[in-house]
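Okay, input-v5.cif now, which holds mmCIF, C-alpha atoms:
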```cif
data_query
#
loop_
_atom_site.label_atom_id
_atom_site.label_comp_id
_atom_site.auth_asym_id
_atom_site.auth_seq_id
_atom_site.Cartn_x
_atom_site.Cartn_y
_atom_site.Cartn_z
CA MET A 203 0.00 0.00 0.00
CA ALA A 204 1.35 3.43 -0.98
CA ARG A 205 1.39 5.68 2.07
CA ILE A 206 1.10 9.43 1.68
CA THR A 207 2.87 9.84 5.00
CA GLU A 208 5.92 8.07 3.56
CA SER A 209 5.98 9.88 0.22
CA PRO A 210 8.93 12.17 -0.58
CA SER A 211 8.96 15.68 0.81
CA ARG A 212 8.09 18.53 -1.54
CA TYR A 213 11.44 20.02 -0.52
CA ASP A 214 14.98 18.76 -1.06
CA HIS A 215 18.52 19.66 -0.06
CA LEU A 216 17.25 20.72 3.36
CA GLU A 217 20.79 20.78 4.72
CA HIS A 218 21.62 23.64 2.33
CA MET A 219 18.73 25.85 3.42
CA SER A 220 19.29 28.84 5.66
CA THR A 221 17.62 28.89 9.06
CA ASP A 222 15.06 31.37 7.76
CA GLU A 223 14.28 29.15 4.76
CA LEU A 224 13.84 26.11 6.99
CA LEU A 225 11.44 27.91 9.30
CA ARG A 226 9.39 29.50 6.53
CA ASN A 227 9.10 26.24 4.59
CA ILE A 228 8.07 24.25 7.67
CA ASN A 229 5.51 26.94 8.49
CA ALA A 230 4.18 26.85 4.93
CA GLU A 231 3.60 23.13 5.26
CA ASP A 232 2.01 23.50 8.70
CA ARG A 233 -0.60 25.91 7.34
CA SER A 234 -2.18 23.06 5.43
CA VAL A 235 -2.88 21.03 8.57
CA ALA A 236 -5.92 22.97 9.78
CA GLU A 237 -7.54 22.58 6.36
CA ALA A 238 -6.98 18.82 6.44
CA VAL A 239 -8.53 18.66 9.92
CA GLU A 240 -11.52 20.71 8.76
CA MET A 241 -12.27 18.01 6.18
CA CYS A 242 -12.65 15.53 9.05
CA ILE A 243 -15.47 17.39 10.81
CA PRO A 244 -18.39 15.59 9.10
CA ALA A 245 -16.98 12.21 10.21
CA MET A 246 -16.22 13.43 13.73
CA GLY A 247 -19.71 14.58 14.70
CA PRO A 248 -21.37 11.15 14.87
CA LEU A 249 -18.34 9.73 16.70
CA ILE A 250 -18.40 12.43 19.37
CA ASP A 251 -22.14 11.97 19.91
CA ALA A 252 -21.67 8.21 20.24
CA ILE A 253 -18.80 8.60 22.73
CA ALA A 254 -20.73 11.11 24.85
CA ALA A 255 -23.78 8.85 25.00
CA ARG A 256 -21.67 5.94 26.23
CA MET A 257 -19.78 8.04 28.76
CA GLN A 258 -23.08 9.33 30.17
CA ARG A 259 -23.83 5.69 30.95
CA GLY A 260 -20.49 5.21 32.68
CA GLY A 261 -18.32 4.28 29.69
CA ARG A 262 -14.71 5.30 29.26
CA LEU A 263 -12.62 6.61 26.38
CA PHE A 264 -9.39 4.83 25.47
CA TYR A 265 -6.67 6.12 23.16
CA ILE A 266 -4.17 3.57 21.91
CA GLY A 267 -1.11 4.12 19.74
CA ALA A 268 2.62 3.68 19.30
CA GLY A 269 5.44 6.23 19.30
CA THR A 270 4.35 9.82 18.71
CA SER A 271 0.73 8.74 18.22
CA GLY A 272 0.67 6.95 21.56
CA ARG A 273 2.29 9.88 23.36
CA LEU A 274 -0.26 12.31 21.95
CA GLY A 275 -3.09 10.12 23.22
CA ILE A 276 -1.54 9.98 26.66
CA VAL A 277 -1.14 13.76 26.75
CA ASP A 278 -4.79 14.32 25.86
CA ALA A 279 -6.01 11.74 28.37
CA SER A 280 -3.82 13.10 31.17
CA GLU A 281 -5.15 16.63 30.67
CA CYS A 282 -8.83 15.71 31.06
CA PRO A 283 -8.90 15.38 34.89
CA PRO A 284 -7.24 18.75 35.66
CA THR A 285 -9.10 20.60 32.91
CA PHE A 286 -12.58 19.15 33.34
CA GLY A 287 -12.52 17.64 36.83
CA VAL A 288 -13.32 14.12 35.64
CA PRO A 289 -11.93 11.11 37.52
CA HIS A 290 -8.61 9.62 36.52
CA GLY A 291 -9.43 6.52 34.51
CA MET A 292 -12.34 8.06 32.62
CA VAL A 293 -10.05 8.87 29.67
CA ILE A 294 -7.09 6.50 29.33
CA GLY A 295 -4.08 6.63 27.02
CA LEU A 296 -2.14 3.46 26.18
CA ILE A 297 1.15 3.24 24.30
CA ALA A 298 2.97 0.28 22.78
CA GLY A 299 5.78 -0.68 25.13
CA GLY A 300 4.04 0.67 28.24
CA ASP A 301 4.94 3.72 30.29
CA ALA A 302 8.64 3.33 29.53
CA ALA A 303 7.87 4.15 25.90
CA ILE A 304 6.55 7.60 26.81
CA ARG A 305 10.12 8.88 27.13
CA LYS A 306 12.15 6.34 25.22
CA ALA A 307 11.29 4.22 22.19
CA VAL A 308 10.81 0.52 22.96
CA GLU A 309 12.12 -1.49 20.02
CA PHE A 310 9.56 -3.47 18.02
CA ALA A 311 6.80 -2.90 20.61
CA GLU A 312 4.47 -1.57 17.91
CA ASP A 313 4.83 -4.80 15.88
CA ASP A 314 3.00 -6.97 18.44
CA THR A 315 -0.54 -7.54 17.16
CA ALA A 316 -1.78 -9.11 20.41
CA GLN A 317 -0.40 -6.74 23.03
CA GLY A 318 -2.82 -3.88 22.35
CA TRP A 319 -5.85 -5.97 23.23
CA THR A 320 -4.01 -7.39 26.24
CA ASP A 321 -3.33 -3.85 27.45
CA LEU A 322 -7.00 -2.93 27.04
CA GLN A 323 -8.14 -6.03 28.92
CA GLU A 324 -6.05 -4.97 31.91
CA HIS A 325 -8.58 -2.16 32.29
CA ALA A 326 -11.57 -4.53 32.10
CA ILE A 327 -12.75 -2.91 28.87
CA GLY A 328 -16.47 -3.33 28.15
CA THR A 329 -19.18 -2.57 25.63
CA GLU A 330 -19.92 0.92 26.99
CA ASP A 331 -16.31 1.94 26.35
CA THR A 332 -14.78 3.48 23.22
CA VAL A 333 -11.34 2.79 21.72
CA ILE A 334 -9.69 5.26 19.36
CA GLY A 335 -6.64 3.87 17.61
CA ILE A 336 -4.11 6.54 16.65
CA ALA A 337 -1.75 5.65 13.81
CA ALA A 338 -0.43 8.18 11.30
CA SER A 339 0.61 5.40 8.93
CA GLY A 340 -2.61 3.48 9.41
CA GLY A 341 -0.84 0.15 9.60
CA THR A 342 0.58 -0.14 13.13
CA PRO A 343 0.10 -3.81 14.19
CA TYR A 344 -0.29 -2.93 17.89
CA VAL A 345 -3.19 -0.60 17.04
CA LEU A 346 -4.73 -2.85 14.40
CA GLY A 347 -4.81 -5.84 16.73
CA ALA A 348 -6.42 -3.78 19.48
CA LEU A 349 -9.11 -2.36 17.21
CA ASN A 350 -9.96 -5.69 15.59
CA SER A 351 -10.33 -7.43 18.95
CA ALA A 352 -12.22 -4.54 20.54
CA ARG A 353 -14.69 -4.41 17.67
CA LYS A 354 -15.30 -8.15 17.88
CA ALA A 355 -15.99 -7.72 21.60
CA GLY A 356 -18.69 -5.12 20.91
CA VAL A 357 -16.64 -2.07 21.89
CA LEU A 358 -17.14 1.14 19.89
CA THR A 359 -14.05 1.70 17.73
CA ALA A 360 -12.58 4.64 15.83
CA CYS A 361 -9.22 5.69 14.45
CA ILE A 362 -7.19 8.79 13.70
CA THR A 363 -4.86 8.38 10.74
CA CYS A 364 -3.31 10.35 7.89
CA ASN A 365 -3.52 7.71 5.16
CA PRO A 366 -6.84 7.06 3.39
CA ASP A 367 -7.89 3.45 2.85
CA SER A 368 -5.20 2.22 5.24
CA PRO A 369 -5.80 -0.98 7.25
CA VAL A 370 -6.74 0.92 10.39
CA THR A 371 -9.67 2.56 8.59
CA GLN A 372 -11.07 -0.90 7.83
CA ALA A 373 -10.63 -2.11 11.41
CA CYS A 374 -12.98 0.40 13.03
CA GLU A 375 -16.47 1.85 12.75
CA PHE A 376 -15.50 5.52 12.73
CA PRO A 377 -12.38 6.29 10.67
CA ILE A 378 -11.08 9.86 10.95
CA VAL A 379 -8.57 10.57 8.18
CA ALA A 380 -6.60 13.83 8.04
CA ILE A 381 -4.74 13.89 4.72
CA VAL A 382 -1.91 16.32 5.42
CA GLY A 383 0.35 15.17 2.57
CA PRO A 384 4.10 14.49 2.61
CA GLU A 385 6.10 15.60 5.61
CA PHE A 386 8.76 18.33 5.37
CA VAL A 387 11.33 15.72 6.40
CA THR A 388 10.25 12.63 4.48
CA GLY A 389 8.38 10.20 6.73
CA SER A 390 8.74 12.30 9.91
CA THR A 391 5.14 11.95 11.04
CA ARG A 392 5.79 13.74 14.32
CA MET A 393 5.48 16.91 12.21
CA LYS A 394 2.28 17.60 10.21
CA SER A 395 0.67 14.26 11.00
CA GLY A 396 1.36 14.69 14.71
CA THR A 397 -0.01 18.23 14.64
CA ALA A 398 -3.20 17.02 12.94
CA GLN A 399 -3.60 14.24 15.50
CA LYS A 400 -3.20 16.71 18.36
CA LEU A 401 -5.84 19.02 16.87
CA LEU A 402 -8.27 16.14 16.38
CA LEU A 403 -7.76 14.85 19.91
CA ASN A 404 -8.36 18.36 21.28
CA MET A 405 -11.61 18.56 19.34
CA ILE A 406 -12.83 15.12 20.40
CA SER A 407 -12.13 15.36 24.13
CA THR A 408 -13.22 18.98 24.47
CA SER A 409 -16.49 18.42 22.60
CA VAL A 410 -17.25 15.27 24.61
CA MET A 411 -16.57 17.03 27.91
CA ILE A 412 -18.80 19.95 26.96
CA LYS A 413 -21.58 17.48 26.13
CA LEU A 414 -21.06 15.85 29.52
CA GLY A 415 -21.68 19.21 31.21
CA ARG A 416 -18.10 19.87 32.24
CA VAL A 417 -18.09 23.40 30.81
CA LYS A 418 -20.52 26.18 31.75
CA GLY A 419 -20.77 29.11 29.37
CA ASN A 420 -17.17 29.06 28.21
CA ARG A 421 -15.54 28.29 31.56
CA MET A 422 -13.80 25.23 33.00
CA VAL A 423 -16.00 25.25 36.10
CA ASP A 424 -14.84 21.81 37.25
CA MET A 425 -11.10 22.33 36.79
CA GLN A 426 -8.79 21.13 39.56
CA LEU A 427 -7.37 23.93 41.72
CA SER A 428 -3.90 22.43 41.71
CA ASN A 429 -1.72 25.57 41.72
CA ASN A 430 -1.85 29.29 42.49
CA LYS A 431 -2.46 30.25 38.87
CA LEU A 432 -5.55 28.04 38.70
CA VAL A 433 -6.82 29.28 42.07
CA ASP A 434 -6.51 32.83 40.76
CA ARG A 435 -8.28 31.88 37.52
CA GLY A 436 -11.05 30.16 39.48
CA THR A 437 -11.43 33.17 41.76
CA ARG A 438 -11.93 35.45 38.77
CA MET A 439 -14.52 33.06 37.36
CA VAL A 440 -16.44 33.25 40.63
CA MET A 441 -16.13 37.05 40.57
CA ASP A 442 -17.64 37.15 37.08
CA GLY A 443 -20.35 34.62 37.93
CA LEU A 444 -21.53 36.33 41.12
CA GLY A 445 -20.50 39.96 40.68
CA VAL A 446 -18.49 39.96 43.92
CA ASP A 447 -15.03 41.27 44.79
CA TYR A 448 -11.83 39.21 44.65
CA ASP A 449 -11.58 38.41 48.35
CA THR A 450 -15.21 37.29 48.59
CA ALA A 451 -14.84 35.13 45.49
CA ASN A 452 -11.61 33.62 46.78
CA GLY A 453 -13.22 32.79 50.11
CA LEU A 454 -16.15 31.06 48.40
CA LEU A 455 -13.81 29.12 46.13
CA LYS A 456 -11.74 27.89 49.08
CA LYS A 457 -14.87 27.00 51.03
CA TYR A 458 -16.57 24.96 48.31
CA GLY A 459 -13.51 23.67 46.40
CA SER A 460 -14.70 24.30 42.85
CA VAL A 461 -15.90 27.15 40.67
CA ARG A 462 -19.18 25.39 39.99
CA LYS A 463 -20.01 24.83 43.66
CA ALA A 464 -18.82 28.31 44.68
CA VAL A 465 -21.11 29.96 42.11
CA ASP A 466 -24.08 27.67 42.80
CA ASN A 467 -23.84 28.14 46.56
CA GLY A 468 -22.91 31.82 46.49
CA ARG A 469 -26.07 33.03 44.78
#
```

Please express the file's structure as structure tokens.
Amino acid sequence: MARITESPSRYDHLEHMSTDELLRNINAEDRSVAEAVEMCIPAMGPLIDAIAARMQRGGRLFYIGAGTSGRLGIVDASECPPTFGVPHGMVIGLIAGGDAAIRKAVEFAEDDTAQGWTDLQEHAIGTEDTVIGIAASGGTPYVLGALNSARKAGVLTACITCNPDSPVTQACEFPIVAIVGPEFVTGSTRMKSGTAQKLLLNMISTSVMIKLGRVKGNRMVDMQLSNNKLVDRGTRMVMDGLGVDYDTANGLLKKYGSVRKAVDNGR
């Protein structure tokens, strides 16, 4: 199968470019990413609605990938609890090779077709859960094996890839394909492909959390108050919500422990 993500860069002799040329050419390529992501919106809507419906019934969202794709899933999953106040374990990121692979590549871990499903089973995955396989190439065995087994088990499945008609699109019910074209450095999918994946993950998790009621107006009313910056942000949200001064808002926030509760109880 010919993979767009592996096709030659539109640029050559990169080592002879000036720093300014390198930066401008990379930026020119990056500008195409948002357009590729926009083309995915029609396919994303039904997936987001399906995920939200399952999570309202207690289901979880799993991201599974290898290398850069796996790391991006872990980043998105890890940011959901502090941003939206959901429990740890509601959104879970899994990477081929386990936690050690977050910082350092684990050789050949992505080539194991059985390990992905094994990793999912460690979390007692069930039919109310959703698995999104992330694979820029669309052919990662670790991801393919996980999706095929999850789908057979009645789990909702989706993928994020950058190659149309790749195996991963056939292994799931909701394929999301961002066709970003050749990378600036041939085959370096941490670049445009990785940027597209990050944008898509942002859109999926944020939209789902809004549908689950974790945003009020445009505010993260359930965010964790885990540092002084966030306490200050939360205080200002309470100020805006109740029309009170800073000290009063701060006192309410400390008393009730969240923006939502401070506003609801301070009326």

- Could you name the residues that touch stretch 435-443 of chain A at 6 Å or less, counting all atoms listed in the file, but leaving out those on the same chain fewer than 2 positions away, as a PyMOL selection string? chain A and resi 432-433+445-446+451-452+461+465

- Separating atom CA of A:Asn430 from atom CA of A:Lys457, to the nearest tenth of an Å, is a gap of 15.7 Å

- Task: Using the chain letters and numbering of this document, enumerate as a PyMOL selection string the residues selected by the PyMOL selection byres ((chain A and resi 253) around 12).
- Result: chain A and resi 246-252+254-264+292-293+329-334+357-360+376+406-411+413-414

- Task: May I have the residues at most 8 Å from (2.1, 14.4, 10.8) in the file's coordinates, counting only C-alpha atoms, as a PyMOL selection string?
- Result: chain A and resi 207+338+364+382+385+390-399

- Task: Determine the residue membership of the PyMOL selection byres ((chain A and resi 354) around 12) for the file above and supply it as number ranges by chain.
- Result: A: 319, 328-329, 347-353, 355-359, 373-375

Would you compute the box with edges along x, y and z of the file around stretch 269-277 of chain A, including every atom the file lists for it and 5 Å extra on each side, and give its centre and edge lengths in Å to one decimal, as lines of an AutoDock Vina configuration file?
```
center_x = 1.2
center_y = 10.0
center_z = 22.5
size_x = 18.5
size_y = 17.5
size_z = 18.5
```

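Atom CA of A:Tyr213 to atom CA of A:Met241 spans 24.7 Å [interatomic distance, one decimal].
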
- Task: Evaluate the PyMOL selection byres ((chain A and resi 426-428) around 12) on the structure here and hand back the selected residues as a VMD selection string.
- Result: chain A and resid 281 to 290 416 422 to 425 429 to 437 452 455 to 456 458 to 462

- Task: In the coordinate frame of the file, compute which residues have an atom within 6 Å of (-10.9, 19.1, 16.0) when using only C-alpha atoms, and state them as a ChimeraX atom specification.
- Result: /A:401-402,404-405

The selected residues should be written to file as a JSON list (two decimals), in the coordinates of the input (atoms: C-alpha atoms).
```
[["chain", "number", "residue", "atom", "x", "y", "z"],
["A", 401, "LEU", "CA", -5.84, 19.02, 16.87],
["A", 402, "LEU", "CA", -8.27, 16.14, 16.38],
["A", 404, "ASN", "CA", -8.36, 18.36, 21.28],
["A", 405, "MET", "CA", -11.61, 18.56, 19.34]]
```

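We find atom CA of A:Asp314 and atom CA of A:Ser339 to be spaced 15.8 Å apart.
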
- Task: Counting only C-alpha atoms, figure out which residue out of A:Ser271, A:Asn467, A:Gln372, A:Thr320 gets nearest to A:Lys400.
- Result: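 Ranking A:Ser271, A:Asn467, A:Gln372, A:Thr320 by distance to A:Lys400, first place goes to A:Ser271.
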
- Task: Go through A:Ile381, A:Met219, A:Ile294, A:Val235 one by one, measure the shortest atom-to-atom distance of each to A:Leu322 using all atoms listed in the file, and give the residue with the smallest value.
- Result: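 Result for the nearest residue to A:Leu322: A:Ile294.
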